[in-house]
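Dropping input25.txt in here (compact mmCIF, C-alpha atoms and all ligand atoms):
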```
# COMPACT_ATOMS: atom_id res chain seq x y z
CA MET A 1 32.46 -15.82 25.30
CA LYS A 2 36.14 -15.04 25.93
CA TRP A 3 36.55 -14.09 22.26
CA MET A 4 34.01 -11.34 22.76
CA ALA A 5 35.74 -9.82 25.77
CA GLU A 6 38.99 -9.84 23.78
CA GLY A 7 37.32 -8.35 20.73
CA LEU A 8 35.84 -5.53 22.81
CA GLU A 9 39.20 -4.87 24.45
CA LYS A 10 40.78 -4.54 21.02
CA LEU A 11 38.05 -2.13 19.87
CA THR A 12 38.67 0.04 22.92
CA SER A 13 42.45 0.07 22.54
CA ASP A 14 42.10 0.94 18.83
CA SER A 15 39.76 3.85 19.70
CA LEU A 16 37.10 2.10 17.64
CA GLU A 17 34.56 1.18 20.30
CA ARG A 18 31.16 2.83 19.94
CA THR A 19 28.87 3.71 22.79
CA LEU A 20 25.45 5.32 22.82
CA LEU A 21 25.46 8.98 23.78
CA SER A 22 22.08 10.58 24.27
CA CYS A 23 20.92 13.41 22.03
CA GLU A 24 17.58 14.98 22.91
CA PRO A 25 15.80 17.57 20.78
CA ALA A 26 16.15 21.16 22.02
CA PRO A 27 12.56 22.43 22.37
CA GLY A 28 11.89 25.43 20.14
CA ARG A 29 15.48 25.48 18.86
CA PRO A 30 15.71 23.68 15.52
CA GLY A 31 19.30 22.84 14.55
CA PHE A 32 20.31 22.29 18.19
CA THR A 33 20.47 19.18 20.32
CA VAL A 34 20.69 18.64 24.09
CA ARG A 35 23.34 16.36 25.56
CA GLY A 36 23.35 16.23 29.34
CA GLU A 37 23.61 19.78 30.66
CA ARG A 38 24.61 21.26 27.32
CA THR A 39 22.71 22.53 24.32
CA LEU A 40 24.89 21.94 21.26
CA LEU A 41 24.72 23.30 17.73
CA ASP A 42 23.92 20.10 15.84
CA LEU A 43 26.34 19.75 12.93
CA SER A 44 26.02 15.98 12.68
CA SER A 45 22.39 15.06 11.96
CA ASN A 46 20.93 14.43 8.52
CA ASP A 47 17.96 16.76 9.00
CA TYR A 48 19.02 18.65 5.87
CA LEU A 49 15.83 20.63 5.34
CA GLY A 50 15.03 21.17 9.01
CA LEU A 51 11.77 19.21 8.65
CA SER A 52 12.24 16.93 11.64
CA GLY A 53 9.58 17.99 14.12
CA HIS A 54 7.85 20.35 11.63
CA PRO A 55 4.41 21.24 13.10
CA ALA A 56 2.50 20.22 9.95
CA ILE A 57 4.12 16.78 10.00
CA VAL A 58 3.44 16.41 13.71
CA GLU A 59 -0.19 17.35 13.15
CA ALA A 60 -0.62 14.95 10.23
CA MET A 61 0.80 12.15 12.36
CA ARG A 62 -1.38 13.03 15.34
CA ASP A 63 -4.50 12.98 13.15
CA ALA A 64 -3.50 9.66 11.61
CA LEU A 65 -2.88 8.17 15.04
CA ALA A 66 -6.48 8.89 16.02
CA VAL A 67 -7.83 7.24 12.84
CA HIS A 68 -5.41 4.36 12.26
CA GLY A 69 -4.09 3.50 15.68
CA THR A 70 -0.54 2.43 16.31
CA GLY A 71 0.51 -0.47 14.09
CA ALA A 72 -0.26 -1.98 10.68
CA SER A 73 -0.59 -5.50 12.18
CA ALA A 74 0.69 -7.42 9.14
CA SER A 75 2.76 -7.41 5.98
CA ARG A 76 1.30 -5.37 3.10
CA LEU A 77 0.67 -8.65 1.24
CA VAL A 78 -1.44 -10.00 4.11
CA THR A 79 -3.72 -7.46 5.79
CA GLY A 80 -1.30 -4.55 6.29
CA SER A 81 -2.01 -2.59 3.09
CA ARG A 82 -3.94 0.60 3.89
CA SER A 83 -5.13 3.02 1.24
CA ILE A 84 -2.92 5.68 2.81
CA GLY A 85 0.07 3.57 1.65
CA GLY A 86 -1.17 3.26 -1.94
CA GLN A 87 -1.91 6.98 -2.08
CA LEU A 88 1.57 7.77 -0.81
CA GLU A 89 3.11 5.52 -3.47
CA GLU A 90 1.13 7.30 -6.19
CA ALA A 91 2.38 10.63 -4.87
CA ILE A 92 5.97 9.34 -4.89
CA ALA A 93 5.65 8.05 -8.48
CA ASP A 94 4.20 11.43 -9.54
CA TRP A 95 7.04 13.27 -7.83
CA GLN A 96 9.65 10.99 -9.38
CA GLN A 97 7.89 10.93 -12.79
CA SER A 98 8.18 7.16 -12.72
CA GLY A 99 5.74 4.36 -13.51
CA ALA A 100 5.33 3.28 -9.90
CA ALA A 101 6.86 3.30 -6.42
CA LEU A 102 7.00 1.03 -3.39
CA VAL A 103 7.53 2.01 0.24
CA PHE A 104 9.97 -0.01 2.37
CA GLY A 105 10.49 -0.10 6.13
CA ASN A 106 13.72 1.88 5.90
CA GLY A 107 16.63 2.50 3.57
CA TYR A 108 18.63 -0.43 4.86
CA MET A 109 15.77 -2.82 4.15
CA ALA A 110 15.13 -1.28 0.74
CA ASN A 111 18.73 -1.80 -0.39
CA VAL A 112 19.01 -5.31 1.00
CA GLY A 113 15.64 -6.36 -0.41
CA VAL A 114 15.97 -4.75 -3.82
CA ILE A 115 19.51 -5.91 -4.65
CA SER A 116 18.81 -9.49 -3.59
CA ALA A 117 15.63 -9.45 -5.71
CA LEU A 118 17.43 -8.21 -8.83
CA VAL A 119 20.50 -10.44 -8.90
CA GLY A 120 21.63 -13.86 -7.70
CA ARG A 121 24.24 -16.55 -8.32
CA GLY A 122 25.85 -16.15 -11.74
CA ASP A 123 25.20 -12.39 -11.80
CA ALA A 124 27.57 -9.52 -11.01
CA VAL A 125 27.07 -6.31 -9.05
CA PHE A 126 29.40 -3.37 -9.69
CA SER A 127 29.49 -1.23 -6.60
CA ASP A 128 31.50 1.86 -5.67
CA ARG A 129 33.92 1.09 -2.84
CA LEU A 130 32.41 3.88 -0.71
CA ASN A 131 28.77 2.80 -1.14
CA HIS A 132 26.64 2.53 1.99
CA ALA A 133 26.87 -0.63 4.12
CA SER A 134 23.27 -1.60 3.30
CA ILE A 135 24.26 -1.92 -0.37
CA VAL A 136 27.22 -4.11 0.57
CA ASP A 137 24.94 -6.30 2.69
CA GLY A 138 22.37 -6.56 -0.10
CA ILE A 139 25.07 -7.79 -2.46
CA SER A 140 26.34 -10.36 0.07
CA LEU A 141 22.83 -11.69 0.60
CA SER A 142 22.17 -11.91 -3.14
CA LEU A 143 25.12 -14.33 -3.66
CA ALA A 144 26.01 -12.45 -6.86
CA GLU A 145 29.65 -11.66 -7.62
CA HIS A 146 30.65 -8.44 -5.84
CA ALA A 147 32.82 -6.32 -8.17
CA ARG A 148 33.91 -3.32 -6.08
CA TYR A 149 35.29 -0.45 -8.11
CA ARG A 150 37.55 2.23 -6.71
CA HIS A 151 35.65 5.31 -5.62
CA ASN A 152 34.35 7.21 -8.66
CA ASP A 153 37.02 5.51 -10.80
CA MET A 154 35.30 5.02 -14.15
CA GLU A 155 38.29 3.30 -15.74
CA HIS A 156 38.17 0.70 -12.99
CA LEU A 157 34.41 0.29 -13.43
CA ARG A 158 34.92 -0.23 -17.16
CA TYR A 159 37.67 -2.78 -16.50
CA LEU A 160 35.42 -4.76 -14.12
CA LEU A 161 32.45 -4.60 -16.50
CA SER A 162 34.55 -6.11 -19.29
CA LYS A 163 36.07 -8.67 -16.95
CA HIS A 164 32.56 -9.86 -15.97
CA ARG A 165 31.09 -9.45 -19.43
CA ALA A 166 29.83 -13.03 -19.33
CA ALA A 167 27.79 -12.59 -16.14
CA ARG A 168 24.11 -13.46 -16.64
CA ARG A 169 22.79 -10.13 -15.28
CA LYS A 170 24.82 -7.05 -14.47
CA LEU A 171 23.81 -4.37 -11.95
CA ILE A 172 25.70 -1.15 -11.31
CA VAL A 173 24.82 0.45 -7.98
CA THR A 174 25.99 3.74 -6.55
CA ASP A 175 25.16 6.29 -3.90
CA ALA A 176 24.19 9.56 -5.62
CA VAL A 177 25.94 11.52 -2.85
CA PHE A 178 28.47 9.60 -0.79
CA SER A 179 27.43 9.77 2.82
CA MET A 180 30.82 10.26 4.47
CA ASP A 181 32.44 12.55 1.86
CA GLY A 182 29.62 14.52 0.33
CA GLU A 183 30.99 13.80 -3.14
CA HIS A 184 28.67 13.19 -6.07
CA ALA A 185 28.69 10.06 -8.20
CA LEU A 186 29.78 10.60 -11.81
CA LEU A 187 26.32 9.71 -13.04
CA ASP A 188 26.63 10.66 -16.70
CA GLU A 189 29.74 8.48 -17.08
CA VAL A 190 28.16 5.63 -15.13
CA ILE A 191 25.15 5.83 -17.47
CA GLN A 192 27.37 5.63 -20.57
CA LEU A 193 29.00 2.49 -19.20
CA LYS A 194 25.67 0.98 -18.22
CA ARG A 195 24.48 1.41 -21.82
CA GLU A 196 27.70 0.13 -23.34
CA PHE A 197 27.70 -3.06 -21.26
CA GLY A 198 23.95 -3.64 -21.06
CA ALA A 199 23.82 -3.36 -17.26
CA MET A 200 21.00 -2.25 -14.98
CA LEU A 201 21.58 0.87 -12.88
CA MET A 202 20.42 1.47 -9.31
CA VAL A 203 21.00 4.82 -7.57
CA ASP A 204 20.68 5.44 -3.82
CA GLU A 205 19.52 9.01 -3.15
CA ALA A 206 19.53 8.77 0.67
CA HIS A 207 21.56 11.99 1.01
CA SER A 208 20.31 13.80 -2.08
CA GLY A 209 16.54 13.20 -1.94
CA GLY A 210 14.94 16.47 -0.82
CA VAL A 211 18.27 18.25 -1.21
CA TYR A 212 18.67 18.41 -5.02
CA GLY A 213 16.22 18.92 -7.87
CA LEU A 214 13.55 21.57 -8.33
CA LYS A 215 11.13 19.60 -6.19
CA GLY A 216 13.75 17.74 -4.19
CA GLU A 217 13.55 14.70 -6.49
CA GLY A 218 17.27 14.06 -6.07
CA LEU A 219 20.55 14.33 -7.94
CA CYS A 220 19.42 12.25 -10.95
CA HIS A 221 16.59 14.68 -11.68
CA SER A 222 18.72 17.75 -11.10
CA LEU A 223 21.08 16.44 -13.80
CA GLY A 224 18.18 15.48 -16.08
CA LEU A 225 19.30 11.84 -15.99
CA HIS A 226 16.42 10.21 -14.13
CA GLN A 227 15.05 8.45 -17.23
CA GLU A 228 18.32 6.51 -17.47
CA VAL A 229 18.10 5.06 -13.97
CA ASP A 230 16.34 1.69 -13.72
CA VAL A 231 16.03 1.58 -9.96
CA HIS A 232 15.76 4.76 -7.95
CA MET A 233 15.90 4.49 -4.18
CA GLY A 234 15.69 7.09 -1.42
CA THR A 235 14.90 7.42 2.27
CA PHE A 236 12.44 9.46 4.30
CA SER A 237 14.68 9.47 7.36
CA LYS A 238 17.12 12.22 6.37
CA ALA A 239 15.94 15.36 4.53
CA PHE A 240 12.31 14.30 5.06
CA GLY A 241 12.76 14.20 8.83
CA VAL A 242 10.56 11.10 9.29
CA TYR A 243 11.39 7.42 8.64
CA GLY A 244 11.02 4.84 5.89
CA ALA A 245 12.21 4.53 2.30
CA TYR A 246 10.97 4.20 -1.25
CA VAL A 247 11.97 2.57 -4.49
CA SER A 248 10.67 3.97 -7.76
CA GLY A 249 10.92 2.81 -11.35
CA SER A 250 8.80 1.10 -13.98
CA SER A 251 5.55 -0.55 -12.93
CA MET A 252 7.09 -3.86 -14.01
CA LEU A 253 9.98 -3.32 -11.58
CA ILE A 254 7.60 -2.55 -8.74
CA ARG A 255 5.48 -5.61 -9.54
CA TRP A 256 8.65 -7.72 -9.38
CA LEU A 257 9.82 -6.22 -6.08
CA LEU A 258 6.41 -6.62 -4.50
CA ASN A 259 6.74 -10.35 -5.17
CA LYS A 260 10.47 -10.89 -4.71
CA ALA A 261 11.96 -8.36 -2.29
CA ARG A 262 12.02 -10.37 0.90
CA THR A 263 12.42 -7.36 3.20
CA PHE A 264 9.11 -6.14 1.77
CA VAL A 265 7.26 -9.46 1.63
CA TYR A 266 8.23 -10.80 5.04
CA SER A 267 8.07 -7.66 7.16
CA THR A 268 5.17 -5.83 8.75
CA ALA A 269 4.04 -2.68 6.94
CA LEU A 270 5.14 0.69 8.32
CA PRO A 271 2.71 2.06 10.92
CA PRO A 272 0.08 4.18 9.09
CA VAL A 273 0.97 7.11 11.31
CA LEU A 274 4.43 7.14 9.69
CA LEU A 275 2.90 6.99 6.20
CA ALA A 276 0.86 10.08 7.06
CA GLY A 277 3.97 11.87 8.30
CA ILE A 278 5.91 10.93 5.15
CA ALA A 279 3.05 12.14 2.91
CA GLU A 280 3.06 15.54 4.63
CA ALA A 281 6.87 15.73 4.49
CA LEU A 282 6.73 14.92 0.77
CA ARG A 283 4.34 17.84 0.23
CA LEU A 284 6.66 20.18 2.14
CA VAL A 285 9.77 18.93 0.32
CA GLN A 286 8.14 19.66 -3.04
CA GLN A 287 6.58 23.00 -2.10
CA GLU A 288 9.22 24.66 0.06
CA GLY A 289 12.10 25.10 -2.34
CA VAL A 290 13.29 27.94 -0.11
CA ARG A 291 14.59 25.31 2.33
CA ARG A 292 16.84 23.89 -0.41
CA GLU A 293 18.06 27.38 -1.23
CA ARG A 294 18.84 28.13 2.41
CA LEU A 295 20.70 24.84 2.73
CA ALA A 296 22.76 25.47 -0.41
CA GLU A 297 23.66 28.94 0.83
CA ALA A 298 24.61 27.58 4.27
CA SER A 299 26.83 24.93 2.65
CA ARG A 300 28.61 27.50 0.49
CA LEU A 301 29.16 29.86 3.41
CA PHE A 302 30.31 27.18 5.88
CA ARG A 303 32.79 25.67 3.40
CA ALA A 304 34.24 29.07 2.54
CA ALA A 305 34.60 30.00 6.24
CA LEU A 306 36.33 26.67 7.01
CA ARG A 307 38.71 27.18 4.10
CA ASP A 308 39.50 30.71 5.29
CA ALA A 309 40.30 29.25 8.71
CA GLY A 310 42.83 26.89 7.12
CA PHE A 311 40.83 23.67 6.83
CA GLN A 312 40.63 21.52 3.71
CA ALA A 313 36.88 21.70 3.26
CA GLY A 314 36.71 20.47 -0.32
CA ASP A 315 34.88 22.39 -2.99
CA GLY A 316 31.71 20.38 -3.43
CA VAL A 317 28.21 21.80 -3.02
CA SER A 318 26.64 19.14 -0.82
CA PRO A 319 25.71 19.82 2.81
CA ILE A 320 28.06 17.02 3.93
CA ILE A 321 31.45 18.51 4.79
CA PRO A 322 34.11 16.24 6.27
CA ILE A 323 37.29 17.37 8.01
CA LEU A 324 39.77 14.56 7.59
CA VAL A 325 41.79 13.71 10.71
CA GLY A 326 43.19 10.26 9.86
CA ASP A 327 43.76 8.75 13.28
CA SER A 328 40.70 7.49 15.18
CA ALA A 329 41.91 8.59 18.63
CA ALA A 330 42.62 12.10 17.30
CA ALA A 331 39.17 12.25 15.70
CA LEU A 332 37.61 11.38 19.07
CA ARG A 333 39.66 14.09 20.80
CA PHE A 334 38.58 16.58 18.15
CA SER A 335 34.95 15.65 18.68
CA SER A 336 35.24 16.11 22.49
CA ALA A 337 36.92 19.48 22.01
CA LEU A 338 34.04 20.49 19.71
CA GLU A 339 31.56 19.53 22.40
CA GLU A 340 33.41 21.84 24.80
CA GLU A 341 32.82 24.56 22.21
CA GLY A 342 29.09 23.83 22.16
CA ILE A 343 29.19 21.96 18.84
CA LEU A 344 28.00 18.46 18.04
CA GLY A 345 30.53 17.15 15.48
CA VAL A 346 30.65 13.38 15.57
CA ALA A 347 33.87 11.44 14.87
CA ILE A 348 33.37 8.94 12.06
CA ARG A 349 35.78 6.04 12.30
CA PRO A 350 36.44 2.72 10.53
CA PRO A 351 34.66 0.57 9.51
CA ALA A 352 32.22 3.34 8.53
CA VAL A 353 35.12 4.87 6.56
CA PRO A 354 38.33 3.25 5.21
CA ALA A 355 41.18 2.65 7.68
CA GLY A 356 43.30 5.74 8.37
CA THR A 357 40.59 8.17 7.23
CA ALA A 358 38.79 8.95 10.50
CA ARG A 359 37.11 12.33 10.29
CA ILE A 360 34.66 14.78 11.71
CA ARG A 361 31.67 14.74 9.41
CA PHE A 362 29.71 17.96 9.45
CA SER A 363 26.25 17.98 7.94
CA LEU A 364 24.23 21.14 7.63
CA SER A 365 20.57 21.95 7.89
CA ALA A 366 18.29 24.64 6.50
CA SER A 367 17.61 25.55 10.14
CA HIS A 368 21.16 26.72 10.71
CA THR A 369 21.63 30.47 10.61
CA LYS A 370 24.51 32.32 9.01
CA GLU A 371 25.57 33.74 12.41
CA GLY A 372 25.37 30.30 14.03
CA LEU A 373 27.56 28.73 11.36
CA LEU A 374 30.16 31.49 11.33
CA GLY A 375 30.34 31.33 15.13
CA ALA A 376 30.76 27.57 14.87
CA VAL A 377 33.73 27.93 12.53
CA HIS A 378 35.52 29.91 15.28
CA GLY A 379 34.80 27.10 17.74
CA ILE A 380 35.91 24.47 15.23
CA THR A 381 39.15 26.38 14.65
CA ARG A 382 39.90 26.59 18.39
CA ALA A 383 39.11 22.89 18.83
CA GLY A 384 41.15 21.96 15.76
CA ARG A 385 44.18 23.87 17.05
CA MET A 386 43.91 22.27 20.44
CA VAL A 387 44.02 18.73 19.08
CA GLY A 388 46.59 19.49 16.39
CA ALA A 389 44.14 18.84 13.56
CA LEU A 390 44.91 22.27 12.21
CA GLY A 391 48.54 23.12 11.61
CA LEU A 392 48.28 26.71 12.82
C1 LIG B 401 21.19 6.27 5.68
C2 LIG B 401 21.44 5.54 4.43
C3 LIG B 401 20.74 4.37 4.12
C4 LIG B 401 19.84 3.69 5.12
O1 LIG B 401 18.66 4.38 5.29
P1 LIG B 401 17.82 4.21 6.65
O2 LIG B 401 16.47 4.68 6.29
O3 LIG B 401 18.50 5.02 7.68
O4 LIG B 401 17.84 2.74 6.98
C5 LIG B 401 20.94 3.79 2.88
N1 LIG B 401 21.80 4.33 1.99
C6 LIG B 401 22.52 5.43 2.27
C7 LIG B 401 23.45 5.99 1.25
C8 LIG B 401 22.37 6.06 3.50
O5 LIG B 401 23.09 7.14 3.80
```
Since I need it in another form, could you write the structure as structure tokens?
Ligand SMILES: *Cc1c(COP(=O)(O)O)cnc(C)c1O
Amino acid sequence: MKWMAEGLEKLTSDSLERTLLSCEPAPGRPGFTVRGERTLLDLSSNDYLGLSGHPAIVEAMRDALAVHGTGASASRLVTGSRSIGGQLEEAIADWQQSGAALVFGNGYMANVGVISALVGRGDAVFSDRLNHASIVDGISLSLAEHARYRHNDMEHLRYLLSKHRAARRKLIVTDAVFSMDGEHALLDEVIQLKREFGAMLMVDEAHSGGVYGLKGEGLCHSLGLHQEVDVHMGTFSKAFGVYGAYVSGSSMLIRWLLNKARTFVYSTALPPVLLAGIAEALRLVQQEGVRRERLAEASRLFRAALRDAGFQAGDGVSPIIPILVGDSAAALRFSSALEEEGILGVAIRPPAVPAGTARIRFSLSASHTKEGLLGAVHGITRAGRMVGALGL
């Protein structure tokens, strides 16, 4: 095991070692988190709509616990399929205006299972370089050719599609909103290329489900492009505040996945109590558009205030707002200085982001108030000055 000790030593000296730091919920204070003695403004979670811990979801889960007990006891294909799961899938398909939907254990399992069920040896997957790790792992497992295109570079995607023109099946896969940058995929251009080259298209809405669209359907719907997407995937762990994931598409696709997606077939069904929580969260996501409006307003305000303070906050509209630092050690120092200011701003380092692009990734929530965010920008400015991340 000497190799491991050496590997860990290298991680530490490169400022790349991760450790677990506790984050407890702050009772009665949504948008805050407790670490040790301190209550911090949480600018790092993915609770975009502030639904995590919502009383209606808690109540739905408590009721379901009394009826269904704790676990599902088996895979859906054995004895684990409860009617509450089928009803949830119908509600998801309705919401997505798709033929059918299938619930997966989580987003990681959905991506790994779906990609490896759609392609195999002799096929090619065209994947944005900044796609989520679960997409990368799904492609590796599938044994298909992995054609990585430069981030949002449509010329490069076109080049790779023509280079692999002879592949048996072609699948383009992209995050709708890139998790570490907050940038949007260029979906209309991707769709043109998909048509031109006869490829399938899969879109991961982990960071856009709940956040975009009139009913929180995601970025594809908000652009009116959902009919062009063959495989639509999203999670219930971020804006929905619960856990789990879904895939939606044609009923033929869902029939295929139910038989071929190994992370679905060979894994125990989600506990029914979670299905009940997801169903309630889905109702809230659709009904409470005011949460999306509050989030959009918070994102606009926070970006503008950061820019005024001298930061490069980009000009996107998503609630993910990175401050690029570059060096991993500096990003860690910045994060500690933020904690001193009462702000949770986690340092994101390689391999989660490309080498030399360590950053603080802020993510906002509908529970954040205008005053809280403007106050935070003062703290971020002081912390940024102290660590030299802000040339002021
Ligand atoms: C978080 C995330 C996932 C994984 O979802 P989990 O439910 O947390 O496993 C997949 N894709 C993207 C883009 C994500 O951000």
Within 6 Å of ligand LIG 401 (chain B), counting all atoms listed in the file, residues as a ChimeraX atom specification: /A:106-108,132,134,175,179,204,206-207,235,237,244-245
Excluding same-chain residues fewer than 2 positions from range 263-280 of chain A, what lies within 8 Å of it counting all atoms listed in the file, as a ChimeraX atom specification? /A:56-58,60-62,64-65,68-77,80-82,84-85,88,91,104-105,109-110,112-113,236,240,242-244,257-261,282-284
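Among the candidates A:Leu102, A:Ala144, A:Ala376, A:Leu43, the one nearest to Arg121 in chain A when counting all atoms listed in the file is A:Ala144.
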Report the distance between CA of Gly241 in chain A and CA of Thr357 in chain A in Å, rounded to one decimal place. 28.5 Å
For range 312-323 of chain A, work out the shell of residues within 7 Å, counting only C-alpha atoms and skipping chain neighbours fewer than 4 positions away, then give it as a list of chain:residue names. A:Asp181, A:Gly182, A:Glu183, A:Ser299, A:Arg300, A:Arg303, A:Leu306, A:Arg307, A:Arg359, A:Ile360, A:Arg361, A:Phe362, A:Ser363, A:Leu364
Measuring atom to atom with all atoms listed in the file, identify which of A:Ala133, A:Met233, A:Leu143, A:Leu51 is nearest to Ala176 in chain A. A:Met233
